[in-house]
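Listing of data.cif, mmCIF, C-alpha atoms and all ligand atoms
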```cif
data_protein
loop_
_atom_site.label_atom_id
_atom_site.label_comp_id
_atom_site.auth_asym_id
_atom_site.auth_seq_id
_atom_site.Cartn_x
_atom_site.Cartn_y
_atom_site.Cartn_z
CA MET A 1 -19.32 -28.20 -42.63
CA VAL A 2 -16.78 -25.38 -42.96
CA ARG A 3 -17.22 -22.74 -40.31
CA SER A 4 -15.06 -19.73 -39.64
CA GLU A 5 -12.59 -20.20 -36.82
CA THR A 6 -13.62 -17.03 -35.04
CA HIS A 7 -16.35 -17.87 -32.60
CA LYS A 8 -17.42 -15.36 -30.01
CA LYS A 9 -19.77 -16.89 -27.44
CA LEU A 10 -22.71 -14.52 -27.27
CA PHE A 11 -23.93 -13.18 -23.94
CA ILE A 12 -25.95 -10.53 -25.77
CA PRO A 13 -29.76 -10.51 -25.66
CA GLY A 14 -30.10 -11.95 -29.12
CA PRO A 15 -29.02 -13.41 -31.33
CA THR A 16 -27.95 -15.94 -28.75
CA GLU A 17 -25.54 -18.82 -28.97
CA VAL A 18 -26.69 -21.55 -31.39
CA ARG A 19 -25.39 -25.07 -30.73
CA GLU A 20 -23.42 -26.75 -33.54
CA GLU A 21 -26.00 -29.52 -33.84
CA ILE A 22 -28.61 -26.88 -34.62
CA LEU A 23 -26.39 -25.02 -37.08
CA ASP A 24 -25.99 -28.36 -38.87
CA ALA A 25 -29.70 -29.15 -38.76
CA GLN A 26 -30.30 -26.21 -41.13
CA ALA A 27 -28.17 -27.76 -43.85
CA GLN A 28 -30.70 -30.28 -45.15
CA TRP A 29 -31.65 -30.74 -48.79
CA MET A 30 -34.48 -28.41 -49.70
CA ILE A 31 -38.07 -29.67 -49.79
CA GLY A 32 -41.15 -28.14 -51.36
CA HIS A 33 -43.47 -26.26 -49.02
CA ARG A 34 -46.64 -27.77 -50.52
CA GLY A 35 -45.75 -31.41 -49.95
CA LYS A 36 -46.28 -33.95 -47.18
CA GLU A 37 -42.68 -33.68 -46.02
CA PHE A 38 -43.12 -30.01 -45.20
CA SER A 39 -46.55 -30.55 -43.64
CA ASP A 40 -44.97 -33.15 -41.36
CA LEU A 41 -42.13 -30.78 -40.50
CA TYR A 42 -44.31 -27.74 -39.80
CA GLY A 43 -47.15 -29.73 -38.23
CA GLY A 44 -44.58 -31.41 -35.99
CA ILE A 45 -43.15 -28.04 -34.96
CA ILE A 46 -46.59 -26.77 -33.94
CA GLU A 47 -47.31 -29.94 -31.97
CA LYS A 48 -43.98 -29.76 -30.14
CA LEU A 49 -44.38 -26.06 -29.48
CA LYS A 50 -47.81 -26.58 -27.94
CA LYS A 51 -46.48 -29.45 -25.88
CA TYR A 52 -43.58 -27.36 -24.62
CA LEU A 53 -45.89 -24.43 -23.83
CA ASN A 54 -48.47 -26.80 -22.33
CA THR A 55 -51.30 -25.25 -24.29
CA ASP A 56 -54.03 -26.13 -26.77
CA MET A 57 -54.36 -22.56 -27.99
CA HIS A 58 -53.84 -21.68 -31.65
CA ALA A 59 -50.17 -21.42 -32.54
CA CYS A 60 -48.15 -20.60 -35.63
CA VAL A 61 -44.63 -19.81 -36.78
CA TYR A 62 -43.96 -16.91 -39.14
CA THR A 63 -40.96 -16.28 -41.32
CA SER A 64 -40.32 -12.87 -39.85
CA SER A 65 -38.56 -11.29 -36.94
CA GLY A 66 -40.54 -10.60 -33.76
CA THR A 67 -41.30 -7.02 -34.81
CA GLY A 68 -43.43 -8.40 -37.64
CA LEU A 69 -45.70 -10.08 -35.11
CA MET A 70 -45.81 -6.92 -32.97
CA GLU A 71 -47.32 -5.24 -36.01
CA ALA A 72 -49.57 -8.25 -36.68
CA ALA A 73 -50.89 -8.02 -33.12
CA ILE A 74 -51.98 -4.44 -33.73
CA ARG A 75 -53.37 -4.95 -37.24
CA ASN A 76 -55.41 -8.01 -36.21
CA GLY A 77 -56.29 -7.14 -32.64
CA VAL A 78 -57.12 -3.43 -32.76
CA ASP A 79 -59.65 -1.62 -34.94
CA ARG A 80 -59.44 1.73 -33.26
CA LYS A 81 -57.93 2.20 -29.82
CA VAL A 82 -55.16 0.51 -27.88
CA LEU A 83 -53.42 1.05 -24.55
CA CYS A 84 -49.66 0.50 -24.72
CA CYS A 85 -47.76 -0.02 -21.46
CA VAL A 86 -44.40 1.67 -21.98
CA ASN A 87 -41.45 1.10 -19.65
CA GLY A 88 -38.52 0.67 -22.02
CA ALA A 89 -37.36 0.76 -25.62
CA PHE A 90 -39.29 -2.25 -26.94
CA SER A 91 -42.59 -1.32 -25.33
CA GLU A 92 -42.08 2.18 -26.78
CA ARG A 93 -41.47 0.55 -30.16
CA TRP A 94 -44.84 -1.23 -29.90
CA ALA A 95 -46.65 2.06 -29.25
CA LYS A 96 -44.91 3.60 -32.29
CA ILE A 97 -45.91 0.61 -34.44
CA ALA A 98 -49.55 1.06 -33.35
CA GLU A 99 -49.39 4.76 -34.21
CA SER A 100 -47.86 3.97 -37.60
CA CYS A 101 -50.77 1.57 -38.25
CA GLY A 102 -53.11 4.54 -37.77
CA LYS A 103 -54.54 3.44 -34.40
CA GLU A 104 -55.47 5.72 -31.54
CA VAL A 105 -52.76 5.04 -28.96
CA ASP A 106 -52.80 5.83 -25.26
CA LYS A 107 -49.73 5.09 -23.22
CA LEU A 108 -49.35 3.97 -19.66
CA GLU A 109 -45.88 5.44 -19.16
CA ILE A 110 -43.73 4.03 -16.43
CA GLU A 111 -40.22 5.04 -15.48
CA TRP A 112 -37.60 2.84 -17.21
CA GLY A 113 -36.39 0.19 -14.80
CA LYS A 114 -39.78 -0.09 -13.11
CA ALA A 115 -42.46 -2.67 -13.87
CA VAL A 116 -46.05 -2.23 -15.03
CA LYS A 117 -48.24 -2.74 -11.93
CA PRO A 118 -51.90 -3.85 -11.80
CA GLU A 119 -53.01 -0.72 -9.89
CA ALA A 120 -51.68 1.67 -12.54
CA LEU A 121 -53.18 -0.47 -15.29
CA GLU A 122 -56.56 -0.58 -13.54
CA GLU A 123 -56.61 3.21 -13.20
CA LYS A 124 -55.91 3.68 -16.90
CA LEU A 125 -58.39 1.02 -18.03
CA GLU A 126 -61.17 2.56 -15.95
CA LYS A 127 -60.87 5.83 -17.84
CA GLY A 128 -60.54 4.64 -21.44
CA ASN A 129 -62.41 2.25 -23.63
CA TYR A 130 -59.64 0.10 -25.05
CA GLU A 131 -59.93 -2.90 -27.33
CA ALA A 132 -56.49 -4.16 -26.44
CA VAL A 133 -53.53 -3.67 -24.12
CA THR A 134 -49.89 -4.26 -25.09
CA VAL A 135 -47.38 -5.44 -22.48
CA VAL A 136 -43.74 -6.39 -22.94
CA GLN A 137 -43.31 -9.22 -20.46
CA ASN A 138 -39.51 -9.04 -20.56
CA GLU A 139 -38.21 -5.53 -21.35
CA THR A 140 -34.86 -6.40 -22.89
CA SER A 141 -33.67 -2.80 -22.67
CA THR A 142 -34.08 -2.55 -18.88
CA GLY A 143 -34.04 -6.16 -17.69
CA VAL A 144 -37.50 -5.78 -16.14
CA ARG A 145 -39.97 -8.65 -15.98
CA ALA A 146 -43.73 -8.04 -15.83
CA ARG A 147 -45.93 -10.24 -13.64
CA LEU A 148 -48.47 -11.38 -16.21
CA GLU A 149 -50.47 -13.27 -13.61
CA GLU A 150 -51.23 -9.94 -11.88
CA LEU A 151 -51.89 -7.92 -15.05
CA ALA A 152 -54.02 -10.41 -16.99
CA PRO A 153 -57.07 -10.41 -14.64
CA VAL A 154 -57.20 -6.59 -14.76
CA VAL A 155 -57.23 -6.55 -18.55
CA LYS A 156 -59.80 -9.33 -18.67
CA LYS A 157 -62.07 -7.51 -16.23
CA HIS A 158 -62.23 -4.60 -18.66
CA GLY A 159 -62.95 -6.85 -21.65
CA ALA A 160 -59.83 -5.91 -23.60
CA LEU A 161 -57.48 -8.25 -25.47
CA LEU A 162 -54.09 -8.77 -23.83
CA LEU A 163 -51.22 -8.73 -26.34
CA VAL A 164 -47.90 -9.81 -24.88
CA ASP A 165 -44.34 -9.56 -26.20
CA THR A 166 -42.22 -12.39 -24.82
CA VAL A 167 -39.59 -11.97 -27.52
CA SER A 168 -36.69 -12.34 -25.08
CA SER A 169 -38.28 -14.72 -22.58
CA LEU A 170 -40.45 -17.43 -24.16
CA GLY A 171 -38.53 -20.70 -24.02
CA GLY A 172 -36.56 -19.56 -20.95
CA ASP A 173 -38.85 -17.87 -18.46
CA LYS A 174 -41.98 -19.60 -17.21
CA ILE A 175 -44.85 -18.14 -19.26
CA ASP A 176 -48.48 -19.15 -19.01
CA VAL A 177 -49.52 -18.32 -22.58
CA GLY A 178 -53.16 -18.96 -21.62
CA LEU A 179 -53.18 -15.66 -19.71
CA ALA A 180 -52.93 -13.64 -22.91
CA ASP A 181 -54.83 -13.37 -26.20
CA MET A 182 -51.61 -13.20 -28.15
CA VAL A 183 -48.11 -14.11 -27.03
CA LEU A 184 -45.30 -13.49 -29.50
CA ALA A 185 -41.60 -14.32 -29.56
CA SER A 186 -38.55 -14.45 -31.84
CA SER A 187 -36.40 -17.46 -32.66
CA GLN A 188 -33.05 -15.82 -31.87
CA LYS A 189 -33.47 -15.43 -28.11
CA CYS A 190 -34.46 -18.17 -25.65
CA PHE A 191 -35.16 -20.67 -28.44
CA ALA A 192 -31.41 -20.48 -29.20
CA LEU A 193 -32.03 -20.50 -32.94
CA PRO A 194 -30.76 -18.21 -35.68
CA PRO A 195 -32.94 -15.13 -36.34
CA GLY A 196 -35.71 -15.29 -38.93
CA LEU A 197 -38.67 -17.02 -37.31
CA ALA A 198 -41.35 -15.58 -35.06
CA ILE A 199 -43.65 -17.64 -32.88
CA CYS A 200 -47.09 -16.84 -31.53
CA THR A 201 -50.04 -18.28 -29.66
CA LEU A 202 -53.56 -16.91 -30.08
CA SER A 203 -56.79 -17.18 -28.12
CA ASP A 204 -60.16 -17.87 -29.77
CA ALA A 205 -61.13 -14.25 -29.05
CA MET A 206 -58.03 -12.96 -30.87
CA LEU A 207 -58.72 -15.25 -33.80
CA GLU A 208 -62.33 -14.00 -34.03
CA LYS A 209 -61.12 -10.41 -33.90
CA SER A 210 -58.59 -11.16 -36.65
CA LYS A 211 -61.31 -12.64 -38.87
CA ARG A 212 -63.23 -9.36 -38.70
CA ALA A 213 -60.25 -6.97 -38.72
CA LYS A 214 -60.13 -4.45 -41.54
CA GLY A 215 -56.86 -3.20 -42.98
CA LYS A 216 -54.92 -6.12 -41.49
CA GLY A 217 -53.02 -6.60 -44.75
CA SER A 218 -52.23 -9.98 -46.22
CA TYR A 219 -48.88 -11.36 -44.98
CA PHE A 220 -49.79 -10.86 -41.33
CA ASP A 221 -53.43 -11.96 -41.64
CA LEU A 222 -53.40 -14.18 -38.54
CA ALA A 223 -56.75 -15.83 -39.25
CA ASN A 224 -55.49 -16.93 -42.66
CA MET A 225 -52.21 -18.15 -41.12
CA ILE A 226 -54.09 -20.24 -38.56
CA GLU A 227 -56.41 -21.66 -41.21
CA TYR A 228 -53.37 -22.88 -43.20
CA THR A 229 -51.54 -24.07 -40.09
CA GLU A 230 -54.45 -26.05 -38.67
CA GLY A 231 -55.85 -27.22 -42.02
CA LYS A 232 -53.05 -28.06 -44.45
CA ARG A 233 -50.28 -27.86 -41.81
CA GLN A 234 -48.59 -25.37 -44.11
CA THR A 235 -47.96 -21.64 -44.21
CA PRO A 236 -49.72 -19.37 -46.73
CA GLU A 237 -46.39 -18.14 -48.18
CA THR A 238 -43.00 -19.80 -48.69
CA PRO A 239 -41.40 -20.12 -45.25
CA ALA A 240 -37.73 -20.26 -44.21
CA ILE A 241 -37.59 -24.05 -44.46
CA SER A 242 -33.93 -24.34 -43.34
CA LEU A 243 -34.74 -22.49 -40.14
CA MET A 244 -37.69 -24.78 -39.59
CA PHE A 245 -35.41 -27.83 -39.76
CA ALA A 246 -33.39 -26.15 -37.02
CA MET A 247 -36.49 -25.29 -34.98
CA SER A 248 -37.77 -28.84 -35.13
CA ALA A 249 -34.45 -30.16 -33.79
CA GLU A 250 -34.24 -27.50 -31.09
CA LEU A 251 -37.79 -28.21 -29.91
CA ASP A 252 -36.83 -31.87 -29.42
CA TYR A 253 -33.95 -30.67 -27.24
CA MET A 254 -36.21 -28.25 -25.34
CA LEU A 255 -38.78 -30.95 -24.69
CA LYS A 256 -36.10 -33.20 -23.27
CA GLU A 257 -35.02 -30.51 -20.83
CA GLY A 258 -38.65 -29.52 -20.24
CA ALA A 259 -40.12 -26.09 -19.59
CA GLU A 260 -39.58 -26.40 -15.84
CA GLY A 261 -35.94 -27.46 -16.30
CA ARG A 262 -35.25 -24.62 -18.70
CA TYR A 263 -36.85 -22.14 -16.31
CA ARG A 264 -34.77 -23.40 -13.37
CA ARG A 265 -31.57 -23.17 -15.43
CA HIS A 266 -32.44 -19.60 -16.41
CA VAL A 267 -33.15 -18.66 -12.77
CA GLU A 268 -29.79 -20.15 -11.70
CA MET A 269 -27.93 -18.20 -14.36
CA ALA A 270 -29.84 -15.01 -13.50
CA GLU A 271 -29.10 -15.38 -9.79
CA HIS A 272 -25.40 -15.76 -10.47
CA VAL A 273 -25.23 -12.71 -12.77
CA ARG A 274 -27.34 -10.58 -10.42
CA SER A 275 -25.19 -11.34 -7.41
CA TRP A 276 -22.04 -10.62 -9.43
CA ALA A 277 -23.58 -7.33 -10.66
CA LYS A 278 -24.62 -6.27 -7.16
CA LYS A 279 -21.14 -6.95 -5.83
CA ASN A 280 -19.38 -5.00 -8.57
CA PHE A 281 -21.96 -2.54 -9.92
CA ALA A 282 -25.72 -2.21 -9.29
CA LEU A 283 -28.89 -3.55 -10.89
CA PHE A 284 -31.06 -1.36 -13.10
CA ALA A 285 -34.29 -3.30 -12.57
CA GLU A 286 -36.66 -2.66 -9.70
CA PRO A 287 -36.13 -5.29 -6.98
CA GLY A 288 -38.52 -8.23 -7.33
CA TYR A 289 -39.07 -7.62 -11.04
CA GLU A 290 -35.69 -8.67 -12.44
CA SER A 291 -35.68 -10.58 -15.71
CA VAL A 292 -34.54 -14.19 -15.58
CA THR A 293 -33.08 -14.04 -19.10
CA VAL A 294 -31.15 -10.75 -19.20
CA THR A 295 -29.54 -8.62 -16.50
CA CYS A 296 -29.28 -4.89 -17.06
CA VAL A 297 -26.38 -3.52 -14.98
CA LYS A 298 -25.91 0.13 -13.96
CA ASN A 299 -22.52 1.09 -15.33
CA THR A 300 -21.38 2.67 -12.06
CA LYS A 301 -17.69 2.27 -12.97
CA ASN A 302 -18.13 3.82 -16.39
CA ILE A 303 -16.52 0.90 -18.18
CA ASN A 304 -16.22 1.04 -21.95
CA VAL A 305 -18.15 -2.02 -23.16
CA SER A 306 -16.66 -2.10 -26.63
CA ASP A 307 -13.10 -2.04 -25.15
CA LEU A 308 -14.16 -4.72 -22.67
CA ASN A 309 -15.53 -6.91 -25.47
CA LYS A 310 -12.22 -6.63 -27.35
CA LYS A 311 -10.43 -7.88 -24.23
CA LEU A 312 -12.96 -10.65 -23.62
CA LYS A 313 -11.90 -11.97 -27.03
CA GLU A 314 -13.93 -15.18 -27.43
CA MET A 315 -16.98 -13.83 -25.56
CA SER A 316 -19.20 -10.84 -26.00
CA ILE A 317 -21.61 -8.96 -23.73
CA SER A 318 -23.92 -6.10 -24.70
CA ASP A 319 -23.96 -2.38 -24.09
CA GLY A 320 -27.13 -0.63 -22.98
CA TYR A 321 -30.08 0.05 -25.25
CA GLY A 322 -31.93 3.22 -26.20
CA LYS A 323 -31.65 6.16 -23.85
CA ILE A 324 -29.70 4.09 -21.27
CA LYS A 325 -27.16 2.88 -23.83
CA ASP A 326 -24.15 4.41 -22.06
CA SER A 327 -25.31 4.31 -18.45
CA THR A 328 -25.97 0.55 -18.43
CA PHE A 329 -24.70 -2.67 -19.97
CA ARG A 330 -26.40 -6.04 -20.31
CA ILE A 331 -25.42 -9.64 -19.83
CA ALA A 332 -27.85 -12.10 -21.37
CA HIS A 333 -28.26 -15.54 -19.86
CA MET A 334 -30.75 -17.00 -22.26
CA GLY A 335 -31.24 -19.89 -24.61
CA ASP A 336 -29.02 -22.92 -24.21
CA LEU A 337 -26.29 -21.22 -22.13
CA THR A 338 -25.42 -22.83 -18.81
CA LEU A 339 -24.41 -21.72 -15.33
CA LYS A 340 -20.85 -22.73 -16.23
CA ASP A 341 -20.95 -20.36 -19.24
CA VAL A 342 -22.15 -17.37 -17.21
CA ARG A 343 -19.63 -18.10 -14.44
CA GLU A 344 -16.95 -18.06 -17.11
CA VAL A 345 -18.03 -14.74 -18.53
CA THR A 346 -18.23 -12.96 -15.16
CA ALA A 347 -14.82 -14.40 -14.16
CA LYS A 348 -13.38 -13.21 -17.44
CA ILE A 349 -14.82 -9.72 -16.92
CA ASP A 350 -13.37 -9.67 -13.39
CA GLY A 351 -9.97 -10.57 -14.86
CA VAL A 352 -10.14 -7.75 -17.41
CA LEU A 353 -11.38 -5.14 -14.92
CA GLN A 354 -8.73 -5.86 -12.26
C1 LIG B 401 -38.60 -7.32 -25.97
C2 LIG B 401 -38.32 -7.25 -27.43
N1 LIG B 401 -39.35 -7.02 -28.27
C3 LIG B 401 -39.16 -6.97 -29.59
C4 LIG B 401 -37.91 -7.12 -30.15
C5 LIG B 401 -37.76 -7.10 -31.62
O1 LIG B 401 -37.57 -8.42 -32.05
P1 LIG B 401 -36.95 -8.72 -33.49
O2 LIG B 401 -35.57 -8.15 -33.47
O3 LIG B 401 -36.99 -10.21 -33.58
O4 LIG B 401 -37.81 -8.04 -34.48
C6 LIG B 401 -36.81 -7.34 -29.33
C7 LIG B 401 -35.47 -7.50 -29.89
O5 LIG B 401 -34.47 -7.49 -29.20
C8 LIG B 401 -37.03 -7.43 -27.93
O6 LIG B 401 -36.03 -7.68 -27.10
#
```
If you convert what's in this file into structure tokens, what do you get?
Amino acid sequence: MVRSETHKKLFIPGPTEVREEILDAQAQWMIGHRGKEFSDLYGGIIEKLKKYLNTDMHACVYTSSGTGLMEAAIRNGVDRKVLCCVNGAFSERWAKIAESCGKEVDKLEIEWGKAVKPEALEEKLEKGNYEAVTVVQNETSTGVRARLEELAPVVKKHGALLLVDTVSSLGGDKIDVGLADMVLASSQKCFALPPGLAICTLSDAMLEKSKRAKGKGSYFDLANMIEYTEGKRQTPETPAISLMFAMSAELDYMLKEGAEGRYRRHVEMAEHVRSWAKKNFALFAEPGYESVTVTCVKNTKNINVSDLNKKLKEMSISDGYGKIKDSTFRIAHMGDLTLKDVREVTAKIDGVLQ
């Protein structure tokens, strides 16, 4: 395998670092997607995914980025009216997607850096008649983590579907997918895979809604996808087979570490980066709601992130996102990175900033 010699270790919130073994796993001979070999590959992926997530809900893997499934959630889960909780760039994106799909969208707007709280959600749900609620569990733009266990009962009480974006947390943070009707994620974050695959779990209620949904289109018809996945153990269209080879190998690795082990490793990395950030800068996220996969740091010293990245040479961190692009920067600690890796990056930054 010939790879370029320039390798920057990525501490950006996706794509994340992909281990060499996984890069190699993609380079298998091609197989047809209507044969037993593929059914075994894809069926195996779904089994391993469910095992890792400790669920018997419906699950599937799309050849798409996460945004595709954000749109799928709306097209399959909402006929008319949705409540979008907005507290950052990606939750705002979901509201815009819903509007662009022609849905009636109400927003529960929360200051960036703060979390969605059950009281505010309850107040909003009491007034409107919503079919679904969208929540970004890990707002990658602000480093804020939602407490799903507090939000889910409120949504359930009002009979709405709970649609949850865990794009930058599933596979790292501890997520009880059973709390939501749809949980979606991308391959290039905590799954430590290249971009190109999107993962989701669905409840029976979401599947029923999808079966009846009008105007859901064809590629993101979730009911059809689940029928193929659970029946033939195939996907309706030609999938990114090379990426699936990689996903199958990575899921074996994830199962060995276990969900609890991965979560603990992410917490350790997060604690290190947070304490470094507090000592040198300040945290953007509301205390108690900090993400375990990405830390958003207030750029109190006005450092130039692109200059810093040039000096970091073989490592790279991320600038801010959206309207806080210049006033914050982000260090991701997700995927297969270790405490040693994040210690190295903060030490290197210290060296450059001295
Ligand atoms: C929270 C969140 N949601 C959605 C997305 C979009 O995912 P994708 O780039 O896979 O479409 C991102 C990407 O960074 C994200 O962080």
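Each of A:Gly113, A:Lys209, A:Ala89, A:Asp173 was compared to Ala132 of chain A using all atoms listed in the file, and A:Lys209 turns out to be the nearest.
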Legend entry - Surroundings of ligand LIG 401 (chain B) up to 6 Å, based on only C-alpha atoms and all ligand atoms, as a list in words: Ser65, Gly66, Thr67, Phe90, Asn138, Glu139, Thr140, Asp165, Val167, Ser168 and Ser186 of chain A
Inset, instruction - Could you tell me which of A:Ile175, A:Val78, A:Cys101, A:Val297 comes closest to Arg274 of chain A if we count all atoms listed in the file? - result: A:Val297
Inset, instruction - Find the residues around Lys51 of chain A up to 8 Å (all atoms listed in the file counted), leave out those fewer than 4 positions away in its own chain, and share them as number ranges by chain. - result: A: 47, 55, 255
Next, dump the selected residues to file, keeping only C-alpha atoms, as a short mmCIF file (atom, residue, chain, number, x, y, z; two decimals), in the coordinates of the input.
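Result written to part12.cif:
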```cif
data_model
loop_
_atom_site.label_atom_id
_atom_site.label_comp_id
_atom_site.auth_asym_id
_atom_site.auth_seq_id
_atom_site.Cartn_x
_atom_site.Cartn_y
_atom_site.Cartn_z
CA GLU A 47 -47.31 -29.94 -31.97
CA THR A 55 -51.30 -25.25 -24.29
CA LEU A 255 -38.78 -30.95 -24.69
#
```
Inset, instruction - Choose the residue, out of A:Pro13, A:Gly32, A:Gly172, A:Gly159, that has the smallest atom-to-atom separation from Arg265 of chain A; count all atoms listed in the file. - result: A:Gly172
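Residues near the point (-51.8, -10.4, -11.7), at a distance of 12 Å or less over all atoms listed in the file, make up Val116, Lys117, Pro118, Glu119, Leu121, Glu122, Ala146, Arg147, Leu148, Glu149, Glu150, Leu151, Ala152, Pro153, Val154, Val155, Lys156, Lys157, Asp176, Leu179 and Ala180 of chain A.
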Show which residues sit within 9 Å of segment 308-325 of chain A, as a tab-separated table (two decimals) with C-alpha atoms, in the frame of the given file. Count only C-alpha atoms, and ignore same-chain residues fewer than 4 positions away.
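Final output, saved to result25.tsv:
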```tsv
chain	number	residue	atom	x	y	z
A	6	THR	CA	-13.62	-17.03	-35.04
A	7	HIS	CA	-16.35	-17.87	-32.60
A	8	LYS	CA	-17.42	-15.36	-30.01
A	9	LYS	CA	-19.77	-16.89	-27.44
A	10	LEU	CA	-22.71	-14.52	-27.27
A	11	PHE	CA	-23.93	-13.18	-23.94
A	12	ILE	CA	-25.95	-10.53	-25.77
A	13	PRO	CA	-29.76	-10.51	-25.66
A	88	GLY	CA	-38.52	0.67	-22.02
A	89	ALA	CA	-37.36	0.76	-25.62
A	112	TRP	CA	-37.60	2.84	-17.21
A	140	THR	CA	-34.86	-6.40	-22.89
A	141	SER	CA	-33.67	-2.80	-22.67
A	142	THR	CA	-34.08	-2.55	-18.88
A	296	CYS	CA	-29.28	-4.89	-17.06
A	297	VAL	CA	-26.38	-3.52	-14.98
A	303	ILE	CA	-16.52	0.90	-18.18
A	304	ASN	CA	-16.22	1.04	-21.95
A	329	PHE	CA	-24.70	-2.67	-19.97
A	330	ARG	CA	-26.40	-6.04	-20.31
A	331	ILE	CA	-25.42	-9.64	-19.83
A	332	ALA	CA	-27.85	-12.10	-21.37
A	345	VAL	CA	-18.03	-14.74	-18.53
A	348	LYS	CA	-13.38	-13.21	-17.44
A	349	ILE	CA	-14.82	-9.72	-16.92
A	352	VAL	CA	-10.14	-7.75	-17.41
A	353	LEU	CA	-11.38	-5.14	-14.92
```
Inset, instruction - For segment 188-192 of chain A, list every protein, DNA or RNA residue within 12 Å, evaluated using all atoms listed in the file, and leave out those in the same chain fewer than 5 positions away; present the list as JSON, numbers by chain. - result: {"A": [10, 11, 12, 13, 14, 15, 16, 17, 18, 19, 20, 21, 22, 23, 49, 52, 64, 65, 66, 138, 140, 166, 167, 168, 169, 170, 171, 172, 173, 174, 197, 198, 199, 243, 246, 247, 248, 249, 250, 251, 252, 253, 254, 255, 259, 262, 263, 265, 266, 292, 293, 294, 332, 333, 334, 335, 336, 337]}
Inset, instruction - Find the distance between atom CA of Thr328 of chain A and atom CA of Phe284 of chain A and write it in Å to one decimal. - result: 7.6 Å
Inset, instruction - Could you tell me how far atom CA of Val177 of chain A lies from atom CA of Glu237 of chain A, in Å and to one decimal? - result: 25.8 Å
Inset, instruction - May I ask which of the residues A:Ser291, A:Pro236, A:Val82, A:Asn54 is the closest one to Ser218 of chain A, counting only C-alpha atoms? - result: A:Pro236
Enclose segment 107-125 of chain A, meaning all of its atoms listed in the file, in a box aligned along x, y and z, pad it by 3 Å on each side, and list the centre and edge lengths in Å to one decimal, as JSON.
```
{"center_x": -47.4, "center_y": 0.8, "center_z": -16.6, "size_x": 28.0, "size_y": 15.3, "size_z": 19.3}
```
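Among A:Gly178, A:Gly77, A:Gly351, A:Gly43, the residue with the shortest atom-to-atom distance to Glu131 of chain A, counting all atoms listed in the file, is A:Gly77.
For the pair atom CA of Lys36 of chain A and atom CA of Gly68 of chain A, the interatomic distance is 27.4 Å.
Proximity to Glu92 of chain A was assessed for A:Ile45, A:Ile74, A:Val136, A:Leu161 counting all atoms listed in the file; the smallest distance is recorded for A:Val136.
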Tell me which protein, DNA and RNA residues are within 10 Å of Arg75 of chain A, counting only C-alpha atoms, leaving out same-chain ones fewer than 3 positions away, and put them as a PDB file with C-alpha atoms, keeping the file's coordinate frame.
```pdb
ATOM      1  CA  LEU A  69     -45.700 -10.080 -35.110  1.00  0.00           C
ATOM      2  CA  MET A  70     -45.810  -6.920 -32.970  1.00  0.00           C
ATOM      3  CA  GLU A  71     -47.320  -5.240 -36.010  1.00  0.00           C
ATOM      4  CA  ALA A  72     -49.570  -8.250 -36.680  1.00  0.00           C
ATOM      5  CA  VAL A  78     -57.120  -3.430 -32.760  1.00  0.00           C
ATOM      6  CA  ASP A  79     -59.650  -1.620 -34.940  1.00  0.00           C
ATOM      7  CA  ARG A  80     -59.440   1.730 -33.260  1.00  0.00           C
ATOM      8  CA  ILE A  97     -45.910   0.610 -34.440  1.00  0.00           C
ATOM      9  CA  ALA A  98     -49.550   1.060 -33.350  1.00  0.00           C
ATOM     10  CA  CYS A 101     -50.770   1.570 -38.250  1.00  0.00           C
ATOM     11  CA  GLY A 102     -53.110   4.540 -37.770  1.00  0.00           C
ATOM     12  CA  LYS A 103     -54.540   3.440 -34.400  1.00  0.00           C
ATOM     13  CA  SER A 210     -58.590 -11.160 -36.650  1.00  0.00           C
ATOM     14  CA  ALA A 213     -60.250  -6.970 -38.720  1.00  0.00           C
ATOM     15  CA  LYS A 214     -60.130  -4.450 -41.540  1.00  0.00           C
ATOM     16  CA  GLY A 215     -56.860  -3.200 -42.980  1.00  0.00           C
ATOM     17  CA  LYS A 216     -54.920  -6.120 -41.490  1.00  0.00           C
ATOM     18  CA  GLY A 217     -53.020  -6.600 -44.750  1.00  0.00           C
ATOM     19  CA  PHE A 220     -49.790 -10.860 -41.330  1.00  0.00           C
ATOM     20  CA  ASP A 221     -53.430 -11.960 -41.640  1.00  0.00           C
ATOM     21  CA  LEU A 222     -53.400 -14.180 -38.540  1.00  0.00           C
TER      22      LEU A 222
END
```
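Taking all atoms listed in the file, the non-local environment of Asp204 of chain A within 8 Å (same-chain residues fewer than 5 positions away omitted) comprises A:Met57, A:His58, A:Asp181.
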Keeping only C-alpha atoms, take the residues you just selected and write them out as a PDB file, in the coordinates of the input.
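Output (result06.pdb):
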```
ATOM      1  CA  MET A  57     -54.360 -22.560 -27.990  1.00  0.00           C
ATOM      2  CA  HIS A  58     -53.840 -21.680 -31.650  1.00  0.00           C
ATOM      3  CA  ASP A 181     -54.830 -13.370 -26.200  1.00  0.00           C
TER       4      ASP A 181
END
```
